[in-house]
Each structure stands twice: as C-alpha cells, then as structure tokens.
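What follows is structure_38.cif (mmCIF, C-alpha atoms).
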```cif
data_start
loop_
_atom_site.label_atom_id
_atom_site.label_comp_id
_atom_site.auth_asym_id
_atom_site.auth_seq_id
_atom_site.Cartn_x
_atom_site.Cartn_y
_atom_site.Cartn_z
CA MET G 1 2.62 1.01 11.88
CA LEU G 2 5.99 -0.44 10.89
CA CYS G 3 5.88 0.26 7.15
CA LEU G 4 6.41 4.01 7.27
CA ASP G 5 9.02 6.64 6.58
CA LYS G 6 10.67 8.40 9.51
CA LYS G 7 8.71 11.62 9.03
CA GLN G 8 5.51 9.63 9.19
CA VAL G 9 6.36 7.61 12.27
CA ASP G 10 5.61 10.42 14.74
CA LEU G 11 2.11 10.57 13.32
CA TYR G 12 1.34 7.17 14.80
CA CYS G 13 2.63 7.92 18.29
CA ILE G 14 -0.64 9.59 19.22
CA ARG G 15 -1.08 10.25 22.93
CA PRO G 16 -4.49 9.33 24.36
CA SER G 17 -5.01 12.96 25.36
CA LEU G 18 -5.00 13.91 21.70
CA ILE G 19 -7.74 11.51 20.70
CA VAL G 20 -10.53 13.76 22.02
CA ALA G 21 -9.03 16.74 20.21
CA ILE G 22 -8.85 14.74 16.99
CA ILE G 23 -12.47 13.66 17.28
CA LEU G 24 -13.56 17.25 17.94
CA LEU G 25 -11.59 18.41 14.93
CA MET G 26 -13.23 15.69 12.84
CA ILE G 27 -16.64 16.98 13.88
CA SER G 28 -15.67 20.56 13.11
CA CYS G 29 -14.47 19.48 9.68
CA ALA G 30 -17.55 17.43 8.89
CA ASN G 31 -18.79 20.03 6.42
CA THR G 32 -15.49 20.36 4.61
CA PRO G 33 -16.18 21.12 0.93
CA LYS G 34 -15.73 18.17 -1.39
CA ASN G 35 -12.63 17.92 -3.53
CA LYS G 36 -13.16 20.00 -6.64
CA ASN G 37 -12.76 16.94 -8.89
CA GLU G 38 -15.72 15.22 -7.26
CA ALA G 39 -18.20 17.66 -8.83
CA ILE G 40 -17.37 16.26 -12.29
CA LEU G 41 -17.19 12.59 -11.37
CA GLU G 42 -19.46 10.26 -13.27
CA ILE G 43 -18.76 7.58 -10.67
CA ASN G 44 -18.32 8.45 -7.01
CA GLU G 45 -19.28 5.49 -4.87
CA SER G 46 -18.56 4.59 -1.28
CA THR G 47 -20.31 1.33 -0.55
CA PHE G 48 -20.18 -2.26 0.67
CA LEU G 49 -20.09 -5.11 -1.82
CA GLN G 50 -20.65 -8.80 -1.14
CA ILE G 51 -17.21 -10.32 -1.74
CA GLY G 52 -16.09 -13.71 -0.48
CA GLY G 53 -19.23 -14.21 1.57
CA ILE G 54 -18.94 -10.95 3.54
CA GLU G 55 -19.63 -7.28 2.86
CA GLN G 56 -16.41 -5.49 1.97
CA TYR G 57 -15.92 -1.75 1.63
CA ILE G 58 -15.04 -0.36 -1.78
CA GLN G 59 -14.67 3.14 -3.13
CA ILE G 60 -14.97 3.84 -6.86
CA LYS G 61 -14.08 7.19 -8.42
CA GLY G 62 -13.83 8.20 -12.05
CA SER G 63 -14.91 10.85 -14.52
CA ASN G 64 -15.79 8.41 -17.31
CA SER G 65 -16.88 4.78 -16.94
CA ASN G 66 -15.24 3.97 -20.26
CA ASN G 67 -11.78 4.74 -18.87
CA PRO G 68 -9.39 1.93 -17.88
CA ILE G 69 -10.05 0.44 -14.44
CA ILE G 70 -7.33 0.44 -11.75
CA LEU G 71 -7.83 -1.80 -8.74
CA TRP G 72 -5.74 -0.25 -5.92
CA LEU G 73 -4.53 -2.77 -3.32
CA HIS G 74 -3.51 -1.03 -0.10
CA GLY G 75 -0.55 -1.70 2.14
CA GLY G 76 -0.11 -2.83 5.70
CA PRO G 77 -1.26 -5.54 6.10
CA GLY G 78 -4.30 -3.78 7.41
CA PHE G 79 -3.45 -0.17 6.56
CA PRO G 80 -5.98 1.23 4.07
CA LEU G 81 -5.58 4.87 3.09
CA THR G 82 -8.90 5.13 1.29
CA TYR G 83 -9.89 8.22 3.27
CA LEU G 84 -6.91 10.02 1.68
CA SER G 85 -7.84 9.06 -1.89
CA TYR G 86 -9.27 12.53 -2.50
CA TYR G 87 -5.69 13.78 -2.17
CA TYR G 88 -3.57 11.23 -3.99
CA GLN G 89 -6.05 10.17 -6.69
CA SER G 90 -7.33 13.61 -7.69
CA GLY G 91 -4.96 13.90 -10.65
CA LEU G 92 -5.75 10.41 -11.92
CA ILE G 93 -9.52 10.14 -11.98
CA ASP G 94 -9.90 12.04 -15.26
CA LYS G 95 -8.04 9.24 -17.05
CA TYR G 96 -8.81 6.17 -14.93
CA THR G 97 -11.60 4.74 -12.85
CA ILE G 98 -9.94 3.86 -9.55
CA VAL G 99 -11.35 1.19 -7.26
CA SER G 100 -10.06 1.00 -3.68
CA LEU G 101 -10.78 -2.11 -1.60
CA GLU G 102 -10.43 -2.18 2.18
CA GLN G 103 -9.34 -5.78 2.60
CA ARG G 104 -11.05 -8.24 4.92
CA GLY G 105 -9.99 -7.99 8.54
CA CYS G 106 -9.26 -4.27 8.48
CA GLY G 107 -10.78 -0.81 8.17
CA ARG G 108 -14.42 -0.37 7.35
CA THR G 109 -14.67 -3.95 6.13
CA TYR G 110 -13.68 -5.15 9.60
CA TYR G 111 -16.22 -2.99 11.41
CA ARG G 112 -18.94 -4.09 9.00
CA ASN G 113 -18.36 -7.80 9.64
CA ARG G 114 -15.89 -8.29 12.50
CA ALA G 115 -14.67 -11.12 10.28
CA ASN G 116 -10.97 -11.80 10.65
CA ASP G 117 -10.53 -15.02 8.63
CA CYS G 118 -7.49 -13.61 6.84
CA SER G 119 -5.04 -15.60 4.79
CA ILE G 120 -3.17 -14.89 1.58
CA GLN G 121 -5.33 -17.46 -0.21
CA ARG G 122 -8.56 -15.91 1.07
CA LEU G 123 -7.52 -12.40 0.02
CA LEU G 124 -6.50 -13.59 -3.46
CA VAL G 125 -9.94 -15.15 -3.89
CA ASP G 126 -11.52 -11.85 -2.80
CA ILE G 127 -9.43 -9.94 -5.34
CA ASP G 128 -10.40 -12.34 -8.09
CA GLU G 129 -14.08 -12.04 -7.25
CA LEU G 130 -13.85 -8.24 -7.23
CA THR G 131 -11.89 -8.28 -10.50
CA ASP G 132 -14.61 -10.31 -12.19
CA TYR G 133 -17.26 -7.98 -10.81
CA LEU G 134 -15.44 -4.94 -12.23
CA ARG G 135 -14.82 -6.57 -15.60
CA LYS G 136 -18.47 -7.45 -15.93
CA ARG G 137 -19.88 -4.20 -14.57
CA PHE G 138 -17.67 -1.96 -16.72
CA ASN G 139 -17.61 -4.36 -19.67
CA LYS G 140 -13.82 -4.68 -19.68
CA GLU G 141 -11.81 -7.64 -20.80
CA LYS G 142 -8.97 -6.67 -18.46
CA ILE G 143 -8.25 -4.28 -15.60
CA ILE G 144 -5.05 -2.80 -14.19
CA ILE G 145 -3.75 -4.00 -10.82
CA LEU G 146 -1.83 -1.54 -8.63
CA GLY G 147 -0.33 -2.76 -5.36
CA GLN G 148 1.32 -0.66 -2.68
CA SER G 149 3.68 -2.24 -0.12
CA TRP G 150 1.77 -5.25 1.31
CA GLY G 151 -0.57 -4.84 -1.65
CA THR G 152 2.33 -5.65 -3.99
CA ILE G 153 2.51 -9.14 -2.51
CA LEU G 154 -1.16 -9.65 -3.30
CA GLY G 155 -0.91 -7.94 -6.67
CA ILE G 156 2.15 -9.61 -8.13
CA THR G 157 0.92 -13.02 -6.98
CA TYR G 158 -2.51 -12.40 -8.47
CA VAL G 159 -1.28 -11.28 -11.90
CA GLN G 160 0.80 -14.42 -12.28
CA LYS G 161 -2.23 -16.54 -11.52
CA TYR G 162 -4.74 -14.65 -13.70
CA PRO G 163 -2.81 -12.80 -16.45
CA GLU G 164 -5.78 -13.10 -18.80
CA LYS G 165 -7.74 -10.70 -16.58
CA VAL G 166 -5.02 -8.07 -16.17
CA ALA G 167 -3.80 -5.43 -18.63
CA ALA G 168 -0.76 -4.36 -16.56
CA TYR G 169 0.69 -4.51 -13.06
CA ILE G 170 2.12 -1.55 -11.12
CA GLY G 171 4.11 -2.19 -7.96
CA VAL G 172 4.58 0.83 -5.66
CA GLY G 173 6.99 0.07 -2.84
CA GLN G 174 7.38 -3.47 -4.16
CA VAL G 175 8.07 -6.15 -1.58
CA VAL G 176 10.87 -8.46 -2.75
CA ASN G 177 11.87 -10.17 0.49
CA PHE G 178 10.60 -8.25 3.50
CA ASP G 179 12.86 -9.58 6.24
CA GLU G 180 15.97 -9.33 4.05
CA GLY G 181 14.96 -5.76 3.23
CA LYS G 182 14.80 -4.90 6.93
CA ILE G 183 18.32 -6.27 7.48
CA TYR G 184 19.66 -4.53 4.38
CA ALA G 185 18.27 -1.18 5.58
CA ALA G 186 19.68 -1.67 9.10
CA GLU G 187 23.09 -2.65 7.76
CA THR G 188 23.16 0.40 5.49
CA ALA G 189 22.11 2.64 8.39
CA ALA G 190 24.84 1.14 10.56
CA VAL G 191 27.45 2.10 7.95
CA VAL G 192 26.21 5.70 8.01
CA ALA G 193 26.14 5.73 11.82
CA ARG G 194 29.71 4.43 11.92
CA GLU G 195 30.82 7.14 9.49
CA HIS G 196 29.41 9.67 11.96
CA GLN G 197 31.14 7.84 14.83
CA ASN G 198 27.81 7.19 16.51
CA TYR G 199 28.93 3.86 17.89
CA LYS G 200 26.09 3.60 20.39
CA ASP G 201 23.64 3.52 17.47
CA VAL G 202 25.85 1.06 15.60
CA ASN G 203 25.71 -1.29 18.58
CA GLU G 204 21.97 -0.79 19.01
CA LEU G 205 21.36 -1.66 15.36
CA ALA G 206 23.59 -4.73 15.67
CA THR G 207 21.69 -5.94 18.75
CA CYS G 208 18.31 -5.44 17.07
CA MET G 209 19.45 -7.13 13.87
CA GLN G 210 20.67 -10.16 15.79
CA SER G 211 17.33 -10.38 17.58
CA PHE G 212 15.46 -10.13 14.28
CA LYS G 213 17.65 -12.71 12.51
CA THR G 214 16.93 -15.32 15.17
CA SER G 215 13.16 -14.96 14.72
CA LYS G 216 11.40 -17.42 12.42
CA THR G 217 7.78 -16.50 13.15
CA VAL G 218 5.90 -13.36 14.19
CA THR G 219 5.38 -14.89 17.64
CA ASP G 220 9.18 -15.05 18.01
CA LEU G 221 9.63 -11.39 17.19
CA ASN G 222 10.74 -8.99 19.87
CA LEU G 223 8.49 -6.15 18.70
CA ALA G 224 10.27 -3.51 20.78
CA ASN G 225 13.60 -4.41 19.15
CA LEU G 226 11.99 -4.53 15.73
CA GLU G 227 10.55 -1.04 16.16
CA ARG G 228 13.88 0.29 17.38
CA MET G 229 15.70 -1.24 14.42
CA ILE G 230 13.28 0.23 11.88
CA LEU G 231 13.13 3.69 13.46
CA LYS G 232 16.89 3.87 13.94
CA SER G 233 17.44 2.76 10.34
CA LEU G 234 15.11 5.45 9.02
CA GLN G 235 16.82 8.05 11.20
CA TYR G 236 20.02 7.51 9.21
CA LEU G 237 18.29 6.95 5.86
CA PRO G 238 15.89 9.92 5.58
CA ALA G 239 13.56 10.57 2.66
CA GLU G 240 13.88 14.31 2.07
CA LYS G 241 10.65 14.63 0.11
CA SER G 242 8.58 12.32 2.30
CA ILE G 243 5.24 13.71 3.42
CA SER G 244 5.42 15.18 6.91
CA ALA G 245 3.48 13.74 9.82
CA ARG G 246 1.70 17.05 10.31
CA LYS G 247 0.57 17.24 6.70
CA GLN G 248 -0.67 13.66 6.61
CA LEU G 249 -2.65 14.19 9.81
CA GLN G 250 -4.11 17.41 8.44
CA LEU G 251 -5.07 15.73 5.15
CA GLY G 252 -6.75 12.92 7.03
CA LEU G 253 -8.74 15.17 9.31
CA LEU G 254 -9.86 17.39 6.44
CA SER G 255 -10.84 14.47 4.24
CA PRO G 256 -14.41 14.56 2.92
CA ASP G 257 -14.30 10.74 3.03
CA LEU G 258 -13.26 10.31 6.69
CA ASN G 259 -15.59 8.72 9.23
CA LEU G 260 -15.27 7.53 12.81
CA ASN G 261 -14.43 3.95 11.85
CA ASP G 262 -11.42 5.22 9.90
CA LEU G 263 -10.11 6.82 13.08
CA ARG G 264 -10.91 3.74 15.18
CA TRP G 265 -8.98 1.49 12.81
CA PHE G 266 -6.14 4.00 12.51
CA LEU G 267 -5.55 3.71 16.26
CA ILE G 268 -5.37 -0.08 15.94
CA ALA G 269 -3.14 -0.08 12.86
CA SER G 270 -0.73 2.43 14.40
CA ASN G 271 -0.20 0.27 17.49
CA THR G 272 2.40 -2.39 16.73
CA HIS G 273 1.18 -4.95 19.27
CA ARG G 274 -2.48 -4.57 18.29
CA ILE G 275 -1.90 -4.79 14.54
CA PHE G 276 0.31 -7.85 14.98
CA SER G 277 -2.51 -9.43 16.95
CA HIS G 278 -5.18 -8.53 14.37
CA GLN G 279 -3.14 -9.41 11.27
CA SER G 280 -0.82 -12.13 12.58
CA GLU G 281 -1.31 -14.62 9.73
CA LEU G 282 -0.75 -12.01 7.03
CA LEU G 283 2.24 -10.49 8.84
CA GLN G 284 3.73 -13.97 9.18
CA TYR G 285 3.38 -14.37 5.43
CA MET G 286 4.89 -10.97 4.64
CA TYR G 287 7.81 -11.17 7.07
CA PHE G 288 8.85 -14.78 6.78
CA ASP G 289 7.03 -16.74 4.08
CA PHE G 290 6.94 -14.53 0.98
CA ASP G 291 9.89 -14.23 -1.37
CA VAL G 292 9.21 -12.79 -4.81
CA ASP G 293 11.98 -14.96 -6.24
CA THR G 294 9.83 -18.02 -5.61
CA LEU G 295 7.38 -16.77 -8.25
CA ILE G 296 7.83 -17.68 -11.88
CA ASP G 297 10.22 -15.14 -13.40
CA GLU G 298 8.29 -14.83 -16.67
CA PHE G 299 5.23 -12.58 -16.78
CA LYS G 300 2.69 -12.40 -19.59
CA ILE G 301 1.72 -8.77 -18.99
CA PRO G 302 3.62 -5.45 -18.71
CA ILE G 303 5.23 -4.98 -15.29
CA TYR G 304 5.97 -1.53 -13.87
CA PHE G 305 7.60 -0.46 -10.61
CA ILE G 306 7.37 3.04 -9.11
CA GLN G 307 9.79 3.55 -6.22
CA GLY G 308 10.94 6.40 -4.04
CA SER G 309 14.72 6.66 -4.22
CA ALA G 310 14.75 6.80 -0.41
CA ASP G 311 12.37 3.91 0.18
CA TRP G 312 14.07 1.84 2.87
CA ILE G 313 10.94 -0.06 3.86
CA THR G 314 11.09 -1.95 0.58
CA PRO G 315 14.61 -0.98 -0.52
CA THR G 316 14.73 0.34 -4.06
CA ASP G 317 18.05 -1.41 -4.78
CA MET G 318 16.34 -4.75 -4.22
CA VAL G 319 13.45 -3.78 -6.51
CA THR G 320 15.71 -2.70 -9.38
CA GLN G 321 17.70 -5.90 -9.02
CA TYR G 322 14.50 -7.95 -9.13
CA ALA G 323 13.23 -6.03 -12.17
CA GLY G 324 16.42 -7.00 -13.99
CA SER G 325 15.90 -10.69 -13.24
CA ILE G 326 12.43 -11.15 -14.77
CA SER G 327 10.97 -11.16 -18.26
CA ALA G 328 7.71 -9.59 -19.46
CA PRO G 329 6.32 -7.90 -22.58
CA GLU G 330 7.56 -4.68 -21.00
CA ILE G 331 9.37 -3.94 -17.74
CA LYS G 332 9.96 -0.43 -16.49
CA THR G 333 11.16 0.95 -13.17
CA ILE G 334 10.64 4.62 -12.33
CA ILE G 335 12.56 6.01 -9.35
CA LEU G 336 11.24 9.24 -7.84
CA ASN G 337 14.09 11.23 -6.36
CA GLY G 338 13.99 11.93 -2.62
CA MET G 339 10.69 10.18 -2.01
CA GLY G 340 10.03 7.36 0.40
CA HIS G 341 7.72 4.38 0.71
CA THR G 342 4.53 6.26 -0.23
CA PRO G 343 5.44 8.43 -3.23
CA PHE G 344 1.76 8.89 -4.10
CA LEU G 345 1.45 10.82 -0.82
CA ASP G 346 4.84 12.52 -1.05
CA ASP G 347 4.05 14.15 -4.40
CA PRO G 348 0.75 13.08 -6.01
CA GLU G 349 1.40 15.09 -9.16
CA GLN G 350 4.81 13.58 -9.86
CA PHE G 351 3.53 10.13 -8.96
CA GLY G 352 0.61 10.60 -11.37
CA GLU G 353 3.01 11.55 -14.16
CA ALA G 354 5.05 8.41 -13.48
CA LEU G 355 1.94 6.25 -13.49
CA GLU G 356 0.67 7.75 -16.73
CA SER G 357 4.06 7.32 -18.41
CA CYS G 358 3.74 3.61 -17.72
CA LEU G 359 0.11 3.07 -18.59
CA SER G 360 0.19 5.23 -21.73
CA ARG G 361 2.44 2.55 -23.21
CA ILE G 362 -0.10 -0.25 -23.05
CA PRO G 363 -3.17 -0.76 -25.25
CA VAL G 364 -6.38 0.54 -23.71
CA PRO G 365 -8.12 -2.48 -22.09
CA ALA G 366 -10.82 -3.47 -24.52
CA ASP G 367 -14.53 -3.66 -23.91
CA SER G 368 -15.73 -7.21 -24.15
CA ASN G 369 -19.14 -8.75 -24.44
CA ALA G 370 -17.66 -12.17 -23.76
CA ILE G 371 -17.34 -11.55 -20.04
CA GLN G 372 -21.02 -10.86 -19.59
CA GLY G 373 -21.51 -14.52 -18.94
CA ASP G 374 -18.65 -14.93 -16.44
#
```

Using structure tokens, write down the structure that the file contains.
Amino acid sequence: MLCLDKKQVDLYCIRPSLIVAIILLMISCANTPKNKNEAILEINESTFLQIGGIEQYIQIKGSNSNNPIILWLHGGPGFPLTYLSYYYQSGLIDKYTIVSLEQRGCGRTYYRNRANDCSIQRLLVDIDELTDYLRKRFNKEKIIILGQSWGTILGITYVQKYPEKVAAYIGVGQVVNFDEGKIYAAETAAVVAREHQNYKDVNELATCMQSFKTSKTVTDLNLANLERMILKSLQYLPAEKSISARKQLQLGLLSPDLNLNDLRWFLIASNTHRIFSHQSELLQYMYFDFDVDTLIDEFKIPIYFIQGSADWITPTDMVTQYAGSISAPEIKTIILNGMGHTPFLDDPEQFGEALESCLSRIPVPADSNAIQGD
C-alpha cells in the first residue's frame, strides 16, 4: 500500500510462497489468549450493521457505555487495521468507547456484500447514518470523530457538514493536499540525496516527480514510477521510531480479532495495481480532487492534529501550516518525535497520552433524550 513508512513497506512485499506459511501460522495462533483488557470490557462487539443499504462491519470496544464515543475512520482508501485494534486501542478503552468501521468496498464489509459503489458522498452518508445510530444507542448528543490518513479526508469533511453531532475532531496523519505532499516529500528527499552526492537517486526522484506532475487522474498515473518515488523518498526521510515490518506482521498474526478475510483483503490492499482497481474513485478523490483549503476555514468544534514528526506521507509541515490558517474554539497540534504516519502503531502508549491531552480539554459529550426520536 502506498501510504506507509519505509519500515512498513517491506511488510507488503509478501512473496506467494509465504502465504501458505502465514495461513498456517494463523491457524496455529487461533487460540491466542484474548488481550487482557477484553476481560473487563462492558462492550466487545464484532458485528455487521445495516448502513447505507448494505451490511457493514463494525467493532465496538469499551469498558463503560457511559464513556465518550470515538468513531475511528481508517486510512487507505481501503486499508482497515481493525484486526490490530487490540494493540493500539488497549490503553484507550477504559476512558472511551471506540467504534471502528470497515468502510464499504473494503475489508470484511466488502466480503460480506461484494458491493463496491464507493464515492466520497456515499461514504459520508454512511458515516452520518452510523453517527446517528451511535448517538441514539448510547444516548449521546455528540460523538468524537477520529480520522487517520484517508480517514482524515472523510472526518474533516464530515465535521464541517454536521458540527452539531460532533464534540471534537482528531486528525492523525492529516491529509492537506495529497499530491502536493508527495512532491514536497520527494523534493525534500532529493535535497538529502544531493547532500550525500547520490546523484543517481536525485535523477530518479526528478524523473518520477515529472511523471507524477503530468498526471491529472489515477488512470494517467505510472504506478511503477509512483511507487519508486514514494519508496525512494522514504529511504532518505526515515522515521526512527516507526513500527517495524516484522513487529506489525507479528501483531497481525497474533491478533485475537484476525480472520481469513482480513488476510485476503490485506493481500489486495498491499498490491498497488489491485487496490487502485478496487478503490479507483476514492483514490482519484484523494490524489487529485481533495484540497483541505477548499473547506471553510472556520470550524465550530475543537480541532486536534496528532502527527509523527517524520510523517512524510502526509507531511507534518503542511499540517502545522494548515492548523495555523483555520479558526475553531480550540486548535492544537501534537507532534510525536521520531514517529511516522501511524503513530498509534509506533507507540500506542505515547499516542494515547497525546489523545487524552486533547480530549481532556473538552466537555464530556452530554447524554441527551432529544435524540431518541432522530
């Protein structure tokens, strides 16, 4: 998948000969003990919910149903990490009820329906329907929206449209302008390569950048050049504290939440050509159509950004600049030193502390009888 740190990239270059070994290891790990937090969970659901006319997979975990609700919007497009939630949410579920949605057209939702009618408008309607369901079920006036990478496009767009339903927004790996971010990263990497007198890499980056700049749609993209540009950029812009490929694979295989469909979708999502085929409309929107500056620059709810200092997928410099250009009741950017595009995987404990430092500043979303009739 293209939205990954360098240490994670090798994880997705799985040789076919390893697939059988992975499946066998999955079977051997089928009886892995549950995460210790799960024994005290009041809510621990893994189910399909009728959303937008199809059954969509959701996971809900929390120790107390009265806690604030966080709706976690995954990245990609089409790259849910729900099967790793036992790892990166374990320090949060005592204080929050966390709801993870596997968006239409991907993951378990895809295998349940084979529906692939994906568009930004359709996904926003799905999110709104799920938000209303959660507000009514848990008797909350408002919930918290957390977006990661691609999920930040959905999240920040949604909270502008429905601020009355949202207590706060958290962007993790916030997309500002995706194609400009790719060029910015490549240009920065080229400077580093030149300083090391690696002129072959400088020229390779220049060639790939020129190819990318001439593309206006995902069908125009030279995917081989795009991959080379991203991987070469990350080679020169490493995230020292980024989770290793080996650890992420191990965490996935040992997950008590993993099933065969997670592996099947992983193999699709990690193949550039296949994921571009499956998610073409959403990738078109992310790469070429979305620009956060086209949104209204005044928000009615608190806005928080949590970034790895070495996030070059959604460059942190661009996020901090954007944060300084908007207005909201409160705006805060937390930069986690040495981490990359997925700081919640790089160091769940430090990420949890950052998240809590943001959310502890807002009023607890109130219970509300008014929404019972929504």

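Taking only C-alpha atoms into account, Phe266 in chain G lies nearest to G:Gly107 out of the set G:Gly107, G:Gly62, G:Pro343, G:Gly352.
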
Between CA of Leu71 in chain G and CA of Ile144 in chain G, distance in Å (one decimal):
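CA of Leu71 in chain G sits 6.2 Å away from CA of Ile144 in chain G.
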
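Our summary of the geometry notes that CA of Arg137 in chain G is positioned 22.5 Å from CA of Leu154 in chain G.
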
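Picked out by the PyMOL selection byres ((chain G and resi 294) around 12) when it runs on this file: Ile153, Ile156, Thr157, Gln160, Val176, Asn177, Asp289, Phe290, Asp291, Val292, Asp293, Leu295, Ile296, Asp297, Glu298, Tyr322 and Ile326 of chain G.
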
In Å, how far is it from CA of Ser280 in chain G to CA of Val99 in chain G?
26.1 Å

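Residue nearest Arg135 in chain G within the list G:Leu226, G:Ile70, G:Ala185, G:Ala269: G:Ile70 [criterion: smallest interatomic distance, all atoms listed in the file].
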
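Using only C-alpha atoms, the smallest distance between any of G:Pro329, G:Asp262, G:His278, G:Trp312 and Ala186 in chain G comes from G:Trp312.
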
Since I can't run it myself right now, could you work out what the PyMOL selection byres ((chain G and resi 164) around 9) selects here and report it as a ChimeraX atom specification?
/G:141-142,159,161-163,165-167,300-301

Closest of G:Leu359, G:Cys208, G:Ala224, G:Ile170 to Ile306 in chain G - atom-to-atom distances counting only C-alpha atoms
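That would be G:Ile170, the residue with the smallest distance to Ile306 in chain G.
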
Taking all atoms of range 297-312 of chain G that the file lists, what box with edges along x, y and z, padded by 8 Å per side, do you get, with centre and edge lengths in Å to one decimal, as AutoDock Vina command-line options?
```
--center_x 8.2 --center_y -4.2 --center_z -8.4 --size_x 29.0 --size_y 37.9 --size_z 38.5
```

Residue by residue, what does the PyMOL selection byres ((chain G and resi 236) around 8) grab here? Present the result as a PyMOL selection string.
chain G and resi 189+192-193+232-235+237-238

Residues at most 6 Å from Thr109 in chain G, counting only C-alpha atoms, excluding those fewer than 3 positions away in the same chain, as a list in words?
Gln56, Tyr57, Arg104, Cys106 and Arg112 of chain G

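Minimum atom-to-atom distance to Trp150 in chain G, evaluated using all atoms listed in the file, belongs to G:Leu283 out of G:Val218, G:Leu283, G:Ile362, G:Leu345.
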